[in-house]
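File shown here: query-v9.cif, holding mmCIF, C-alpha atoms.
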```
data_data
#
loop_
_atom_site.label_atom_id
_atom_site.label_comp_id
_atom_site.auth_asym_id
_atom_site.auth_seq_id
_atom_site.Cartn_x
_atom_site.Cartn_y
_atom_site.Cartn_z
CA MET A 299 -63.81 -7.32 66.48
CA ALA A 300 -63.59 -3.76 67.80
CA ASP A 301 -65.27 -1.09 65.68
CA ASP A 302 -61.97 0.56 64.79
CA GLU A 303 -60.54 -2.77 63.57
CA ARG A 304 -63.31 -3.59 61.12
CA VAL A 305 -62.45 -4.17 57.47
CA ALA A 306 -65.00 -4.15 54.66
CA VAL A 307 -64.47 -5.67 51.21
CA VAL A 308 -65.88 -4.28 47.97
CA ILE A 309 -65.58 -6.43 44.83
CA VAL A 310 -66.24 -4.77 41.48
CA THR A 311 -67.32 -7.06 38.65
CA ARG A 312 -68.62 -7.05 35.10
CA ASP A 313 -69.33 -10.26 33.18
CA THR A 314 -67.02 -12.29 35.43
CA ARG A 315 -69.45 -14.66 37.15
CA ASP A 316 -67.01 -17.48 37.88
CA GLU A 317 -64.22 -15.07 38.81
CA VAL A 318 -66.24 -13.17 41.40
CA LEU A 319 -67.40 -16.40 43.01
CA GLY A 320 -63.76 -17.47 43.24
CA CYS A 321 -62.80 -14.13 44.72
CA LEU A 322 -65.53 -14.42 47.33
CA GLY A 323 -64.32 -17.89 48.21
CA SER A 324 -60.84 -16.53 48.93
CA VAL A 325 -62.03 -13.83 51.35
CA GLY A 326 -61.89 -15.20 54.88
CA ALA A 327 -65.10 -14.66 56.83
CA ASP A 328 -63.07 -13.92 59.95
CA GLU A 329 -61.20 -11.09 58.20
CA ALA A 330 -64.04 -9.23 56.46
CA ASP A 331 -66.81 -7.72 58.53
CA ASP A 332 -68.86 -6.73 55.51
CA ILE A 333 -68.66 -7.84 51.87
CA VAL A 334 -70.27 -5.98 48.98
CA VAL A 335 -70.29 -7.07 45.33
CA VAL A 336 -70.98 -4.28 42.87
CA ASP A 337 -71.95 -5.40 39.39
CA ALA A 338 -71.29 -2.80 36.68
CA GLY A 339 -73.62 -3.99 33.93
CA SER A 340 -73.01 -7.74 33.58
CA ARG A 341 -74.97 -9.77 31.05
CA ASP A 342 -73.76 -13.22 32.11
CA GLY A 343 -75.90 -13.68 35.21
CA THR A 344 -73.15 -12.58 37.59
CA ILE A 345 -75.37 -10.86 40.12
CA ASP A 346 -77.92 -13.70 40.24
CA ALA A 347 -75.13 -16.23 40.75
CA VAL A 348 -73.69 -14.23 43.64
CA ARG A 349 -77.10 -13.86 45.29
CA ALA A 350 -77.76 -17.60 44.98
CA ALA A 351 -74.34 -18.72 46.21
CA ARG A 352 -73.72 -16.08 48.88
CA PRO A 353 -76.94 -14.69 50.39
CA ASP A 354 -74.80 -13.21 53.18
CA VAL A 355 -73.13 -10.83 50.73
CA THR A 356 -74.59 -7.41 49.90
CA THR A 357 -75.09 -6.97 46.16
CA ILE A 358 -75.52 -3.78 44.15
CA ALA A 359 -76.55 -4.03 40.50
CA LEU A 360 -75.65 -1.00 38.36
CA GLY A 361 -75.40 -0.25 34.67
CA ASP A 362 -72.14 0.18 32.79
CA VAL A 363 -70.93 2.95 35.08
CA GLY A 364 -67.23 2.06 35.08
CA PHE A 365 -64.89 0.89 37.82
CA ALA A 366 -64.55 4.14 39.78
CA ALA A 367 -68.28 4.77 40.14
CA ALA A 368 -68.93 1.13 41.02
CA ALA A 369 -66.21 1.20 43.69
CA ASN A 370 -67.63 4.41 45.17
CA ALA A 371 -71.10 2.83 45.34
CA GLY A 372 -69.75 -0.20 47.13
CA ILE A 373 -67.73 1.86 49.59
CA ALA A 374 -70.79 3.99 50.37
CA ALA A 375 -72.69 0.80 51.28
CA THR A 376 -70.17 -0.04 54.04
CA THR A 377 -69.24 1.58 57.34
CA ALA A 378 -65.90 0.02 58.34
CA PRO A 379 -62.98 2.45 58.78
CA VAL A 380 -60.90 0.45 56.27
CA VAL A 381 -62.29 -0.72 52.93
CA VAL A 382 -60.47 -3.13 50.62
CA VAL A 383 -61.48 -2.76 46.98
CA LEU A 384 -60.84 -5.84 44.83
CA ASN A 385 -61.10 -6.83 41.20
CA ALA A 386 -63.15 -9.98 40.62
CA ASP A 387 -60.11 -11.81 39.21
CA VAL A 388 -58.16 -11.47 42.48
CA ARG A 389 -57.62 -14.25 45.00
CA VAL A 390 -56.68 -13.18 48.52
CA ARG A 391 -54.11 -15.14 50.52
CA PRO A 392 -55.06 -15.93 54.16
CA GLY A 393 -54.17 -13.16 56.58
CA SER A 394 -53.79 -10.52 53.89
CA LEU A 395 -56.86 -8.46 54.71
CA GLY A 396 -55.75 -8.20 58.31
CA ALA A 397 -52.24 -7.15 57.28
CA LEU A 398 -53.60 -4.44 55.01
CA GLY A 399 -56.00 -3.23 57.67
CA ARG A 400 -53.22 -2.97 60.25
CA ARG A 401 -50.96 -1.07 57.86
CA VAL A 402 -53.69 1.53 57.30
CA ARG A 403 -54.90 1.76 60.91
CA LEU A 404 -51.66 1.64 62.86
CA HIS A 405 -49.33 3.84 60.81
CA PRO A 406 -49.64 7.64 60.66
CA ARG A 407 -51.24 9.29 57.63
CA VAL A 408 -51.54 6.07 55.60
CA ALA A 409 -54.48 6.50 53.24
CA ALA A 410 -53.93 3.41 51.10
CA ALA A 411 -52.07 0.13 51.32
CA GLY A 412 -51.53 -2.47 48.63
CA PRO A 413 -50.36 -6.08 48.82
CA ARG A 414 -47.71 -8.01 46.97
CA VAL A 415 -49.39 -9.14 43.74
CA ARG A 416 -48.55 -12.26 41.75
CA TYR A 417 -49.73 -13.79 38.50
CA PRO A 418 -51.32 -17.25 38.76
CA ASP A 419 -47.97 -18.86 37.83
CA GLY A 420 -46.34 -17.21 40.85
CA THR A 421 -44.33 -14.55 39.03
CA PRO A 422 -44.48 -11.04 40.55
CA GLN A 423 -46.78 -8.38 39.19
CA ALA A 424 -45.49 -4.81 39.44
CA SER A 425 -48.37 -3.30 41.41
CA ALA A 426 -46.51 -0.70 43.52
CA ARG A 427 -45.35 1.95 41.09
CA ARG A 428 -43.88 5.41 40.69
CA VAL A 429 -45.96 8.29 39.39
CA PRO A 430 -44.54 8.65 35.87
CA ASP A 431 -43.20 11.90 34.50
CA PRO A 432 -44.15 12.54 30.83
CA ILE A 433 -40.87 11.19 29.42
CA THR A 434 -41.11 7.99 31.47
CA ALA A 435 -44.75 7.53 30.48
CA ILE A 436 -44.00 7.97 26.78
CA GLY A 437 -41.01 5.63 26.93
CA HIS A 438 -43.00 2.97 28.76
CA ALA A 439 -45.92 3.26 26.34
CA ALA A 440 -43.63 2.99 23.32
CA LEU A 441 -41.38 0.17 24.53
CA GLY A 442 -43.20 -1.69 27.28
CA TRP A 443 -44.89 -4.25 25.03
CA TRP A 444 -41.72 -5.23 23.16
CA ALA A 445 -38.96 -4.64 25.72
CA PRO A 446 -40.50 -4.88 29.22
CA ARG A 447 -37.11 -4.43 30.90
CA ASN A 448 -36.39 -1.09 29.23
CA ARG A 449 -35.31 1.72 31.56
CA PHE A 450 -38.59 3.63 31.29
CA THR A 451 -40.71 0.62 32.23
CA ARG A 452 -38.28 -0.36 34.97
CA ARG A 453 -38.55 3.10 36.47
CA TYR A 454 -42.34 3.31 36.17
CA ARG A 455 -42.90 -0.17 37.60
CA ALA A 456 -40.23 0.36 40.30
CA LEU A 457 -38.50 -2.87 39.31
CA ASP A 458 -35.34 -1.78 41.12
CA GLU A 459 -37.08 -1.87 44.53
CA ASP A 460 -36.92 -4.82 46.94
CA PRO A 461 -40.40 -6.46 46.84
CA THR A 462 -39.94 -7.92 50.33
CA LEU A 463 -39.80 -4.51 52.04
CA ALA A 464 -42.69 -2.22 52.94
CA ARG A 465 -42.27 1.27 51.52
CA ASP A 466 -44.05 4.45 50.53
CA VAL A 467 -44.90 4.45 46.82
CA GLY A 468 -46.26 6.77 44.17
CA PHE A 469 -49.39 4.74 43.57
CA LEU A 470 -50.81 1.23 43.82
CA SER A 471 -52.72 -0.94 41.38
CA GLY A 472 -56.46 -0.74 41.88
CA CYS A 473 -56.76 -4.53 41.60
CA ALA A 474 -56.41 -4.81 45.40
CA LEU A 475 -56.37 -1.62 47.42
CA ALA A 476 -57.03 -1.00 51.12
CA LEU A 477 -58.33 2.50 51.80
CA ASP A 478 -58.78 4.59 54.92
CA ARG A 479 -62.36 5.83 54.81
CA ALA A 480 -61.62 9.22 56.35
CA ALA A 481 -58.76 9.87 53.93
CA LEU A 482 -60.85 8.77 50.97
CA GLU A 483 -63.74 10.99 51.95
CA SER A 484 -61.38 13.94 52.44
CA VAL A 485 -60.56 13.93 48.71
CA GLY A 486 -64.01 12.98 47.42
CA GLY A 487 -63.38 9.30 46.67
CA PHE A 488 -62.57 7.89 43.26
CA ASP A 489 -63.26 10.18 40.32
CA ASP A 490 -66.33 8.70 38.58
CA ALA A 491 -65.23 10.16 35.25
CA TYR A 492 -62.54 7.47 34.95
CA ARG A 493 -64.47 4.59 33.40
CA LEU A 494 -61.59 2.12 33.29
CA TYR A 495 -57.93 2.49 34.27
CA VAL A 496 -56.00 5.48 35.69
CA GLU A 497 -58.50 5.99 38.53
CA ASP A 498 -55.98 4.43 40.94
CA LEU A 499 -53.20 6.78 39.82
CA ASP A 500 -55.50 9.82 39.98
CA LEU A 501 -56.66 8.92 43.50
CA ALA A 502 -53.11 8.41 44.76
CA VAL A 503 -51.97 11.76 43.38
CA ARG A 504 -54.86 13.57 45.05
CA LEU A 505 -54.28 11.78 48.36
CA ARG A 506 -50.55 12.52 48.37
CA ARG A 507 -51.19 16.19 47.57
CA ALA A 508 -53.48 16.28 50.61
CA GLY A 509 -50.66 14.99 52.80
CA TRP A 510 -51.55 11.29 52.94
CA ARG A 511 -49.21 8.32 52.38
CA ILE A 512 -49.55 5.42 49.93
CA VAL A 513 -47.81 2.27 51.20
CA TYR A 514 -46.86 -1.10 49.77
CA GLU A 515 -47.39 -3.92 52.30
CA PRO A 516 -45.63 -7.18 51.30
CA ALA A 517 -47.01 -9.07 54.34
CA ALA A 518 -50.27 -9.16 52.37
CA GLU A 519 -50.44 -11.10 49.11
CA VAL A 520 -52.97 -11.68 46.35
CA VAL A 521 -53.02 -13.51 43.04
CA HIS A 522 -54.32 -11.48 40.10
CA ARG A 523 -55.23 -13.18 36.83
CA VAL A 524 -55.50 -9.84 35.00
CA GLY A 525 -58.03 -8.92 32.35
CA ALA A 526 -60.90 -11.33 33.11
CA SER A 527 -63.38 -8.70 31.98
CA THR A 528 -61.36 -6.26 29.87
CA SER A 529 -59.90 -8.93 27.58
CA GLN A 530 -63.44 -9.64 26.38
CA ARG A 531 -63.62 -6.12 24.93
CA PRO A 532 -60.06 -5.14 23.98
CA TRP A 533 -60.93 -2.15 21.80
CA ARG A 534 -63.34 -0.59 24.23
CA SER A 535 -60.88 -1.17 27.05
CA ARG A 536 -58.07 0.59 25.17
CA LEU A 537 -60.29 3.52 24.26
CA ARG A 538 -61.36 3.96 27.88
CA HIS A 539 -57.74 3.65 28.98
CA ALA A 540 -56.79 6.42 26.54
CA ARG A 541 -59.61 8.64 27.78
CA GLY A 542 -58.40 8.08 31.33
CA ILE A 543 -54.87 9.09 30.36
CA ALA A 544 -56.22 12.20 28.65
CA ARG A 545 -58.21 13.19 31.73
CA TYR A 546 -55.21 12.64 33.99
CA VAL A 547 -52.95 14.77 31.77
CA VAL A 548 -55.43 17.64 31.74
CA ARG A 549 -56.08 17.46 35.49
CA HIS A 550 -52.60 16.92 36.85
CA LEU A 551 -49.84 18.02 34.49
CA PRO A 552 -48.74 21.67 34.21
CA GLY A 553 -50.17 23.05 30.98
CA GLY A 554 -52.31 19.90 30.75
CA PRO A 555 -54.52 20.84 27.75
CA LEU A 556 -51.49 21.88 25.69
CA VAL A 557 -49.58 18.75 26.72
CA LEU A 558 -52.54 16.63 25.68
CA LEU A 559 -52.66 18.34 22.29
CA VAL A 560 -49.01 17.45 21.74
CA LEU A 561 -49.49 13.87 22.95
CA LEU A 562 -52.74 13.21 21.09
CA PRO A 563 -51.28 11.70 17.87
CA GLY A 564 -49.13 9.33 19.91
CA LEU A 565 -52.08 8.39 22.10
CA VAL A 566 -54.17 7.54 19.04
CA LEU A 567 -51.33 5.42 17.65
CA TRP A 568 -50.95 3.69 21.02
CA VAL A 569 -54.64 2.74 21.02
CA LEU A 570 -54.42 1.35 17.48
CA VAL A 571 -51.27 -0.69 18.11
CA THR A 572 -52.08 -2.04 21.59
CA GLY A 573 -55.71 -2.64 20.69
CA THR A 574 -54.65 -4.72 17.70
CA LEU A 575 -52.06 -6.66 19.71
CA THR A 576 -54.52 -7.33 22.53
CA ALA A 577 -57.22 -8.51 20.11
CA ARG A 578 -54.78 -10.84 18.36
CA ARG A 579 -53.52 -12.19 21.66
CA ARG A 580 -57.08 -12.85 22.82
CA SER A 581 -57.89 -14.69 19.59
CA THR A 582 -54.77 -16.84 19.82
CA GLN A 583 -55.15 -17.65 23.50
CA SER A 584 -58.85 -18.38 23.20
CA SER A 585 -58.13 -20.95 20.49
CA THR A 586 -55.39 -22.62 22.58
CA GLY A 587 -57.16 -22.42 25.94
CA GLU A 588 -54.49 -20.22 27.48
CA VAL A 589 -55.21 -17.68 30.19
CA LEU A 590 -55.90 -14.24 28.77
CA VAL A 591 -53.59 -11.44 29.83
CA GLY A 592 -54.45 -7.77 29.69
CA GLY A 593 -56.17 -5.19 31.85
CA ARG A 594 -54.60 -3.59 34.92
CA ASP A 595 -51.04 -4.35 34.00
CA GLY A 596 -50.22 -1.37 31.83
#
```
Structure re-expressed in structure tokens:
Amino acid sequence: MADDERVAVVIVTRDTRDEVLGCLGSVGADEADDIVVVDAGSRDGTIDAVRAARPDVTTIALGDVGFAAAANAGIAATTAPVVVVLNADVRVRPGSLGALGRRVRLHPRVAAAGPRVRYPDGTPQASARRVPDPITAIGHAALGWWAPRNRFTRRYRALDEDPTLARDVGFLSGCALALDRAALESVGGFDDAYRLYVEDLDLAVRLRRAGWRIVYEPAAEVVHRVGASTSQRPWRSRLRHARGIARYVVRHLPGGPLVLLVLLPGLVLWVLVTGTLTARRRSTQSSTGEVLVGGRDG
């Protein structure tokens, strides 16, 4: 493969030993020129299992540094012009890495491309989204759990768009994201201060402000189980999500600190309610053997 056609894969994992092995098994050796697994503080033997099963894969063992810092470390360990960052609970359909790589390489000013994402049962996952204005964000946060087809959630998740057509989007889910190395480096990579969630939105906003494009590529497809790691720690996950939202508000909204002060009571209530619901769901599904749902589907 020519140097300018190379694609590297970075998989970020924490306490998802079986998931990351499954993810590695779905990545075609003929599509990925370099594969790096970054472990962000696992205690379940994830990194040892990867090293034993896949000695050809580069591994990086870190502490609990968060998704953004782990992704940056993995990207820095590769040299390909396009890097695909994956969650451990993602399975890549054949041909998808190549489709993402071509979308980034062959189209002008494309900094990031994301695939069509499905749940394991085949239903679509809204991964290509609009950057939410404050009213849309508040409406989605308040109603999304109970009425997922409400107008705020529909707007935020771009549910009115045709999922079969490629298009420019506001931002893409970080569960599976192809990135142009030069574009990424031009904005300083992911912001390490985002420990979990919102780092994908923050990156997209910074890239678009710098004149780059974010594109949804339906010719590529992945399956995303959602929440393999975060559902194990629902309260910590919600707290980190809230901190990410707070950082985003301060960094990117006009009058950010004042806006955050106004939103703070609602954010605290959101953490309490969604944390409780997630914990109850985990308890119920664990007892029935159902697949846990949570994580990057907010």
(message) Evaluated on this file, the PyMOL selection byres ((chain A and resi 425-431) around 10) picks out some residues - which ones are they, written as a PyMOL selection string?
(response) chain A and resi 411-416+422-424+432-436+438+450-457+459+461+465-474+499-500+502-503+512-515+551+594-596
(message) Please compute the atom CA of A:Gly339-atom CA of A:Ala491 distance, one decimal, in Å.
(response)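 Separating atom CA of A:Gly339 from atom CA of A:Ala491 is a distance of 16.5 Å.
Comparing the minimum interatomic distances between A:Asn385 and each of A:Val520, A:Ala351, A:Val557, A:Gly399, counting only C-alpha atoms, we find that A:Val520 sits nearest.
Ranking A:Ile543, A:Val355, A:Ala378, A:Leu558 by their shortest atom-to-atom distance to A:Arg493, with only C-alpha atoms included, puts A:Ile543 first.
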I need the output of the PyMOL selection byres ((chain A and resi 377) around 10) for this file as a short mmCIF file (atom, residue, chain, number, x, y, z; two decimals) with C-alpha atoms, in the frame of the given file; which residues are they?
```
data_model
loop_
_atom_site.label_atom_id
_atom_site.label_comp_id
_atom_site.auth_asym_id
_atom_site.auth_seq_id
_atom_site.Cartn_x
_atom_site.Cartn_y
_atom_site.Cartn_z
CA ASP A 301 -65.27 -1.09 65.68
CA ARG A 304 -63.31 -3.59 61.12
CA VAL A 305 -62.45 -4.17 57.47
CA ALA A 306 -65.00 -4.15 54.66
CA ASP A 331 -66.81 -7.72 58.53
CA ASP A 332 -68.86 -6.73 55.51
CA ILE A 373 -67.73 1.86 49.59
CA ALA A 374 -70.79 3.99 50.37
CA ALA A 375 -72.69 0.80 51.28
CA THR A 376 -70.17 -0.04 54.04
CA ALA A 378 -65.90 0.02 58.34
CA PRO A 379 -62.98 2.45 58.78
CA VAL A 380 -60.90 0.45 56.27
CA VAL A 381 -62.29 -0.72 52.93
CA ARG A 479 -62.36 5.83 54.81
#
```
(request) Might you spell out which residues the PyMOL selection byres ((chain A and resi 562) around 12) would select in the displayed file, as JSON, numbers by chain? (result) {"A": [436, 540, 541, 543, 544, 545, 547, 548, 554, 555, 556, 557, 558, 559, 560, 561, 563, 564, 565, 566, 567, 568, 569]}
(message) Can you measure atom CA of A:Ala577 to atom CA of A:Pro532 for me? One decimal in Å is fine.
(response) 5.9 Å
(message) Using only C-alpha atoms, can you tell me which of A:Arg504, A:His550, A:Arg449, A:Arg523 comes closest to A:Gly487?
(response) A:Arg504
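The smallest atom-to-atom distance between A:Ile358 and any of A:Pro418, A:Gly343, A:Gly442, A:Gly372, using all atoms listed in the file, is found for A:Gly372.
Coordinates place atom CA of A:Leu501 at a distance of 24.7 Å from atom CA of A:Ala440.
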